[in-house]
>>> print(open('start.txt').read())   # compact mmCIF, C-alpha atoms
# COMPACT_ATOMS: atom_id res chain seq x y z
CA MET A 1 -16.68 2.67 -16.62
CA LYS A 2 -13.03 1.90 -17.33
CA ASP A 3 -11.63 -1.51 -16.61
CA LYS A 4 -9.23 -1.91 -13.73
CA ARG A 5 -6.10 -2.20 -15.89
CA ALA A 6 -6.97 1.04 -17.72
CA GLN A 7 -7.55 2.79 -14.38
CA TYR A 8 -4.15 1.66 -13.14
CA ASP A 9 -2.46 2.73 -16.39
CA GLU A 10 -3.79 6.25 -15.82
CA VAL A 11 -2.79 6.21 -12.14
CA LEU A 12 0.75 5.05 -12.96
CA LYS A 13 1.13 7.73 -15.63
CA GLN A 14 -0.13 10.43 -13.26
CA PHE A 15 2.04 9.25 -10.38
CA ALA A 16 5.17 9.11 -12.54
CA ALA A 17 4.52 12.75 -13.49
CA LEU A 18 3.88 13.74 -9.85
CA ALA A 19 7.05 11.98 -8.69
CA GLU A 20 9.29 13.59 -11.30
CA GLY A 21 11.84 15.73 -9.47
CA GLU A 22 10.43 14.99 -5.99
CA HIS A 23 12.49 13.09 -3.42
CA ASP A 24 10.63 13.60 -0.14
CA ALA A 25 9.12 10.37 1.20
CA THR A 26 6.17 12.01 2.97
CA ALA A 27 5.17 14.11 -0.04
CA LEU A 28 5.40 11.18 -2.44
CA MET A 29 3.54 8.74 -0.19
CA ALA A 30 0.82 11.31 0.54
CA ASN A 31 0.19 11.93 -3.15
CA ALA A 32 0.37 8.21 -3.98
CA ALA A 33 -2.25 7.40 -1.31
CA ALA A 34 -4.52 10.25 -2.41
CA LEU A 35 -4.22 9.41 -6.10
CA LEU A 36 -4.94 5.71 -5.60
CA HIS A 37 -7.79 6.31 -3.17
CA GLU A 38 -9.46 8.84 -5.45
CA ALA A 39 -8.95 6.87 -8.68
CA MET A 40 -10.22 3.56 -7.34
CA GLY A 41 -13.21 5.01 -5.54
CA GLU A 42 -15.30 2.74 -3.36
CA ARG A 43 -13.17 -0.30 -4.21
CA PHE A 44 -10.49 1.02 -1.82
CA PHE A 45 -11.80 1.53 1.72
CA TRP A 46 -8.39 2.44 3.20
CA THR A 47 -5.23 3.37 1.28
CA GLY A 48 -1.95 4.24 2.93
CA PHE A 49 1.58 3.55 3.99
CA TYR A 50 3.33 2.21 7.02
CA ILE A 51 6.98 3.27 7.28
CA VAL A 52 9.74 1.14 8.80
CA LYS A 53 11.00 3.12 11.78
CA ASN A 54 12.69 1.94 14.98
CA ASN A 55 12.20 -1.72 13.99
CA GLU A 56 8.41 -1.45 13.60
CA LEU A 57 5.93 -0.16 11.05
CA LEU A 58 4.72 3.34 11.90
CA LEU A 59 1.59 4.81 10.34
CA GLY A 60 2.43 7.12 7.44
CA PRO A 61 0.38 9.11 4.92
CA PHE A 62 -3.05 7.59 4.24
CA GLN A 63 -6.61 8.14 3.06
CA GLY A 64 -9.50 6.62 5.00
CA THR A 65 -10.60 6.05 8.57
CA VAL A 66 -8.31 6.15 11.60
CA ALA A 67 -5.79 3.31 11.66
CA CYS A 68 -3.41 1.33 13.80
CA MET A 69 -0.31 3.41 14.47
CA HIS A 70 2.32 0.74 15.27
CA ILE A 71 2.71 -2.73 13.78
CA ALA A 72 5.39 -5.22 14.80
CA ARG A 73 7.50 -7.09 12.26
CA GLY A 74 5.76 -10.34 11.28
CA ARG A 75 2.42 -9.28 12.83
CA GLY A 76 -0.73 -9.01 10.75
CA VAL A 77 -0.74 -8.65 6.97
CA CYS A 78 1.48 -5.55 6.94
CA GLY A 79 4.08 -6.92 9.34
CA THR A 80 4.16 -10.23 7.46
CA ALA A 81 4.61 -8.53 4.06
CA TRP A 82 7.46 -6.51 5.59
CA GLU A 83 9.09 -9.59 7.10
CA ARG A 84 8.79 -11.62 3.87
CA ALA A 85 9.57 -8.64 1.58
CA THR A 86 6.77 -9.77 -0.72
CA THR A 87 3.32 -8.67 -1.79
CA LEU A 88 0.45 -10.31 0.07
CA VAL A 89 -3.05 -10.55 -1.35
CA VAL A 90 -5.57 -11.58 1.31
CA PRO A 91 -9.02 -12.42 -0.10
CA ASP A 92 -10.63 -12.63 3.35
CA VAL A 93 -8.87 -10.99 6.29
CA GLU A 94 -10.80 -13.16 8.74
CA GLN A 95 -8.90 -16.16 7.36
CA PHE A 96 -5.43 -14.58 7.78
CA PRO A 97 -3.74 -15.85 10.98
CA GLY A 98 -2.95 -12.93 13.28
CA HIS A 99 -4.85 -10.35 11.23
CA ILE A 100 -4.93 -6.98 13.01
CA ALA A 101 -8.44 -5.57 12.82
CA CYS A 102 -7.89 -1.81 12.70
CA SER A 103 -11.41 -1.55 11.26
CA ALA A 104 -14.19 -4.10 11.38
CA LEU A 105 -15.27 -2.87 7.92
CA SER A 106 -12.15 -4.27 6.24
CA ARG A 107 -12.86 -7.58 4.45
CA SER A 108 -9.87 -8.04 2.10
CA GLU A 109 -6.41 -6.52 1.85
CA ILE A 110 -3.33 -6.15 -0.32
CA VAL A 111 0.06 -5.09 1.06
CA VAL A 112 3.00 -4.23 -1.20
CA PRO A 113 6.49 -3.61 0.21
CA VAL A 114 8.38 -0.48 -0.84
CA ILE A 115 11.92 -1.77 -1.40
CA ASP A 116 14.96 0.47 -1.90
CA ASP A 117 17.79 -0.15 -4.36
CA ARG A 118 19.69 -2.21 -1.74
CA GLY A 119 16.78 -4.61 -1.28
CA THR A 120 15.68 -3.17 2.08
CA VAL A 121 11.97 -2.80 2.82
CA ARG A 122 11.46 0.86 3.77
CA ALA A 123 7.67 0.94 3.93
CA VAL A 124 4.57 -0.97 2.90
CA LEU A 125 1.59 0.17 0.87
CA ASP A 126 -1.55 -1.16 2.54
CA ILE A 127 -4.96 -1.15 0.84
CA ASP A 128 -8.17 -2.50 2.37
CA SER A 129 -11.55 -3.17 0.78
CA ARG A 130 -15.00 -3.61 2.27
CA GLU A 131 -15.51 -6.55 -0.11
CA THR A 132 -13.93 -10.01 0.06
CA ASP A 133 -11.80 -11.05 -2.93
CA ALA A 134 -11.30 -7.43 -4.00
CA PHE A 135 -7.68 -7.80 -5.13
CA ASP A 136 -5.98 -9.91 -7.77
CA ASP A 137 -2.85 -10.15 -9.93
CA ILE A 138 -3.76 -6.97 -11.82
CA ASP A 139 -3.77 -5.04 -8.53
CA ALA A 140 -0.55 -6.69 -7.35
CA ASP A 141 1.27 -5.92 -10.61
CA ALA A 142 0.11 -2.30 -10.87
CA LEU A 143 0.72 -1.52 -7.20
CA GLN A 144 4.20 -3.06 -7.46
CA GLN A 145 4.89 -0.72 -10.38
CA LEU A 146 3.70 2.22 -8.30
CA THR A 147 5.89 1.30 -5.32
CA ASP A 148 8.84 0.86 -7.69
CA ILE A 149 8.33 4.43 -8.97
CA LEU A 150 8.04 5.62 -5.37
CA ALA A 151 11.20 3.80 -4.21
CA LEU A 152 13.16 5.10 -7.19
CA HIS A 153 12.44 8.75 -6.34
CA ILE A 154 12.75 8.80 -2.56
CA ALA A 155 16.04 9.95 -1.10
CA TRP A 156 16.22 7.32 1.66
CA GLN A 157 18.18 8.30 4.75
>>> encode(input="start.txt", output="C-alpha cells")
Amino acid sequence: MKDKRAQYDEVLKQFAALAEGEHDATALMANAAALLHEAMGERFFWTGFYIVKNNELLLGPFQGTVACMHIARGRGVCGTAWERATTLVVPDVEQFPGHIACSALSRSEIVVPVIDDRGTVRAVLDIDSRETDAFDDIDADALQQLTDILALHIAWQ
C-alpha cells in the first residue's frame, strides 16, 4: 500500500490534469470530491464542498452519506474555517465546541477553505473520517494544494 504522501501526489497530479481548461465550479468540485473520496478509500467517510452563498455555506458536490445543507458563518467546523479563512484539523469532533453532527459516524474532520485570488473564501472542502486523529499536516498541506488548483481554475462570479 502506498504511503499517504504518495497517494496525495497522485491525486494532485490527476486533479491538475482534470482541471486543465475547465472553469465551472460545480464540475471541478464534483471531480475533486470524487477523486479524493475514491483515492483515499475508507480513510475518508465523507468528502465534499460547501459553497458560500447568500451569507451561509450551502451544500455542494460531495461523496458520502446525506449531509447538512446549510451552515451559518462561524458555526461548526466548516463555518469556523470559513470565518477564520484557515484550515482546521479536528482530531475528535466531540471536543470541538459547537460541532454540527450531520452524521454520528464522523469522529474527526479537516476543513480547508477555497480562497479566490482576492483573498475571499468562496467554499470549503470538508472531509470526515470514522476514526479519531485521522488527519495531520500531510493532509492539510496536500488538501491546501488541491484547493489552490481548484481556486485557480474556477471562473468566480
>>> atom_distance(input="start.txt", atom1="atom CA of A:Ile110", atom2="atom CA of A:Val89")
4.5 Å
>>> residues_around(input="start.txt", residues="A:Asp148", least_positions_apart="2", cutoff="10 Å", atoms="only C-alpha atoms", output="list in words")
Pro113, Val114, Ile115, Asp116, Asp117, Ala142, Leu143, Gln144, Gln145, Leu146, Leu150, Ala151, Leu152 and His153 of chain A
>>> closest_residue(input="start.txt", among="A:Thr132, A:Thr47, A:Asn54, A:Ala67", to="A:Glu94", atoms="all atoms listed in the file")
A:Thr132
>>> atom_distance(input="start.txt", atom1="atom CA of A:Gly21", atom2="atom CA of A:Asp139")
26.0 Å
>>> atom_distance(input="start.txt", atom1="atom CA of A:Ile154", atom2="atom CA of A:Met29")
9.5 Å
>>> closest_residue(input="start.txt", among="A:Ala32, A:Ala39, A:Cys68, A:Cys102", to="A:Gln7", atoms="only C-alpha atoms")
A:Ala39
>>> residues_around(input="start.txt", residues="A:Phe15", least_positions_apart="5", cutoff="10 Å", atoms="all atoms listed in the file", output="MDAnalysis selection string")
chainID A and resid 9:10 20 28 31:32 35:36 146 149:150
>>> residues_around(input="start.txt", residues="A:Glu38", least_positions_apart="3", cutoff="12 Å", atoms="all atoms listed in the file", output="ChimeraX atom specification")
/A:7-8,11,31-35,41-47,62-64
>>> write_last_selection(input="start.txt", atoms="C-alpha atoms", output="short mmCIF file (atom, residue, chain, number, x, y, z; two decimals), keeping the file's coordinate frame")
data_model
loop_
_atom_site.label_atom_id
_atom_site.label_comp_id
_atom_site.auth_asym_id
_atom_site.auth_seq_id
_atom_site.Cartn_x
_atom_site.Cartn_y
_atom_site.Cartn_z
CA GLN A 7 -7.55 2.79 -14.38
CA TYR A 8 -4.15 1.66 -13.14
CA VAL A 11 -2.79 6.21 -12.14
CA ASN A 31 0.19 11.93 -3.15
CA ALA A 32 0.37 8.21 -3.98
CA ALA A 33 -2.25 7.40 -1.31
CA ALA A 34 -4.52 10.25 -2.41
CA LEU A 35 -4.22 9.41 -6.10
CA GLY A 41 -13.21 5.01 -5.54
CA GLU A 42 -15.30 2.74 -3.36
CA ARG A 43 -13.17 -0.30 -4.21
CA PHE A 44 -10.49 1.02 -1.82
CA PHE A 45 -11.80 1.53 1.72
CA TRP A 46 -8.39 2.44 3.20
CA THR A 47 -5.23 3.37 1.28
CA PHE A 62 -3.05 7.59 4.24
CA GLN A 63 -6.61 8.14 3.06
CA GLY A 64 -9.50 6.62 5.00
#
>>> closest_residue(input="start.txt", among="A:Ser129, A:Thr26, A:Asn55, A:Thr65", to="A:Val111", atoms="only C-alpha atoms")
A:Ser129
>>> closest_residue(input="start.txt", among="A:Asp137, A:Asp128, A:Glu56, A:Glu22", to="A:Ala155", atoms="all atoms listed in the file")
A:Glu22
>>> closest_residue(input="start.txt", among="A:Thr147, A:Thr120, A:Gln14, A:Gln95", to="A:Glu83", atoms="only C-alpha atoms")
A:Thr120
>>> closest_residue(input="start.txt", among="A:Pro91, A:Ser106, A:Tyr50, A:Asp133", to="A:Ala72", atoms="all atoms listed in the file")
A:Tyr50
>>> residues_around(input="start.txt", residues="A:Ile71", least_positions_apart="5", cutoff="12 Å", atoms="only C-alpha atoms", output="list in words")
Phe49, Tyr50, Ile51, Val52, Lys53, Asn54, Asn55, Glu56, Leu57, Leu58, Leu59, Gly60, Gly76, Val77, Cys78, Gly79, Thr80, Ala81, Trp82, Glu83, Gly98, His99, Ile100, Ala101, Cys102, Ala123 and Val124 of chain A
>>> decode(input="start.txt", residues="stretch 22-50 of chain A", atoms="N, CA and C atoms", output="JSON list (two decimals), in the first residue's frame")
[["chain", "number", "residue", "atom", "x", "y", "z"],
["A", 22, "GLU", "N", -10.83, 23.67, -17.58],
["A", 22, "GLU", "CA", -12.18, 23.70, -17.01],
["A", 22, "GLU", "C", -12.30, 24.88, -16.05],
["A", 23, "HIS", "N", -13.45, 25.56, -16.09],
["A", 23, "HIS", "CA", -13.65, 26.74, -15.25],
["A", 23, "HIS", "C", -14.95, 26.70, -14.45],
["A", 24, "ASP", "N", -15.74, 25.64, -14.63],
["A", 24, "ASP", "CA", -17.02, 25.55, -13.94],
["A", 24, "ASP", "C", -16.82, 25.02, -12.52],
["A", 25, "ALA", "N", -17.33, 25.76, -11.54],
["A", 25, "ALA", "CA", -17.14, 25.41, -10.13],
["A", 25, "ALA", "C", -17.75, 24.05, -9.80],
["A", 26, "THR", "N", -18.98, 23.80, -10.25],
["A", 26, "THR", "CA", -19.65, 22.55, -9.92],
["A", 26, "THR", "C", -18.89, 21.35, -10.49],
["A", 27, "ALA", "N", -18.49, 21.45, -11.74],
["A", 27, "ALA", "CA", -17.77, 20.34, -12.38],
["A", 27, "ALA", "C", -16.45, 20.06, -11.67],
["A", 28, "LEU", "N", -15.72, 21.11, -11.36],
["A", 28, "LEU", "CA", -14.42, 20.94, -10.70],
["A", 28, "LEU", "C", -14.57, 20.39, -9.28],
["A", 29, "MET", "N", -15.52, 20.92, -8.53],
["A", 29, "MET", "CA", -15.72, 20.43, -7.16],
["A", 29, "MET", "C", -16.22, 18.99, -7.17],
["A", 30, "ALA", "N", -17.08, 18.64, -8.10],
["A", 30, "ALA", "CA", -17.60, 17.27, -8.18],
["A", 30, "ALA", "C", -16.46, 16.29, -8.45],
["A", 31, "ASN", "N", -15.61, 16.62, -9.41],
["A", 31, "ASN", "CA", -14.49, 15.72, -9.71],
["A", 31, "ASN", "C", -13.46, 15.69, -8.59],
["A", 32, "ALA", "N", -13.23, 16.82, -7.93],
["A", 32, "ALA", "CA", -12.29, 16.84, -6.80],
["A", 32, "ALA", "C", -12.80, 15.93, -5.68],
["A", 33, "ALA", "N", -14.08, 16.05, -5.34],
["A", 33, "ALA", "CA", -14.66, 15.22, -4.28],
["A", 33, "ALA", "C", -14.59, 13.74, -4.65],
["A", 34, "ALA", "N", -14.95, 13.40, -5.88],
["A", 34, "ALA", "CA", -14.94, 12.00, -6.31],
["A", 34, "ALA", "C", -13.51, 11.44, -6.32],
["A", 35, "LEU", "N", -12.58, 12.21, -6.83],
["A", 35, "LEU", "CA", -11.19, 11.76, -6.90],
["A", 35, "LEU", "C", -10.61, 11.52, -5.51],
["A", 36, "LEU", "N", -10.80, 12.47, -4.61],
["A", 36, "LEU", "CA", -10.30, 12.32, -3.24],
["A", 36, "LEU", "C", -10.95, 11.14, -2.53],
["A", 37, "HIS", "N", -12.25, 11.06, -2.64],
["A", 37, "HIS", "CA", -13.01, 10.01, -1.94],
["A", 37, "HIS", "C", -12.57, 8.61, -2.42],
["A", 38, "GLU", "N", -12.43, 8.48, -3.72],
["A", 38, "GLU", "CA", -12.02, 7.20, -4.30],
["A", 38, "GLU", "C", -10.57, 6.87, -3.94],
["A", 39, "ALA", "N", -9.69, 7.83, -4.06],
["A", 39, "ALA", "CA", -8.25, 7.59, -3.83],
["A", 39, "ALA", "C", -7.95, 7.26, -2.38],
["A", 40, "MET", "N", -8.64, 7.89, -1.45],
["A", 40, "MET", "CA", -8.33, 7.70, -0.04],
["A", 40, "MET", "C", -9.14, 6.58, 0.61],
["A", 41, "GLY", "N", -10.06, 6.04, -0.11],
["A", 41, "GLY", "CA", -10.79, 4.86, 0.37],
["A", 41, "GLY", "C", -11.48, 5.06, 1.70],
["A", 42, "GLU", "N", -11.38, 4.08, 2.54],
["A", 42, "GLU", "CA", -12.10, 4.07, 3.82],
["A", 42, "GLU", "C", -11.66, 5.16, 4.78],
["A", 43, "ARG", "N", -10.48, 5.73, 4.54],
["A", 43, "ARG", "CA", -9.98, 6.79, 5.42],
["A", 43, "ARG", "C", -10.91, 8.00, 5.40],
["A", 44, "PHE", "N", -11.55, 8.24, 4.24],
["A", 44, "PHE", "CA", -12.46, 9.39, 4.09],
["A", 44, "PHE", "C", -13.90, 8.88, 4.09],
["A", 45, "PHE", "N", -14.62, 9.17, 5.16],
["A", 45, "PHE", "CA", -16.02, 8.77, 5.29],
["A", 45, "PHE", "C", -16.93, 9.68, 4.45],
["A", 46, "TRP", "N", -16.64, 10.98, 4.48],
["A", 46, "TRP", "CA", -17.44, 11.97, 3.75],
["A", 46, "TRP", "C", -16.47, 12.99, 3.16],
["A", 47, "THR", "N", -16.66, 13.30, 1.87],
["A", 47, "THR", "CA", -15.76, 14.21, 1.16],
["A", 47, "THR", "C", -16.61, 15.15, 0.32],
["A", 48, "GLY", "N", -16.53, 16.45, 0.58],
["A", 48, "GLY", "CA", -17.34, 17.35, -0.23],
["A", 48, "GLY", "C", -17.08, 18.82, 0.04],
["A", 49, "PHE", "N", -17.88, 19.61, -0.60],
["A", 49, "PHE", "CA", -17.74, 21.06, -0.55],
["A", 49, "PHE", "C", -19.01, 21.73, -0.05],
["A", 50, "TYR", "N", -18.81, 22.80, 0.66],
["A", 50, "TYR", "CA", -19.87, 23.74, 0.99],
["A", 50, "TYR", "C", -19.49, 25.05, 0.31]]
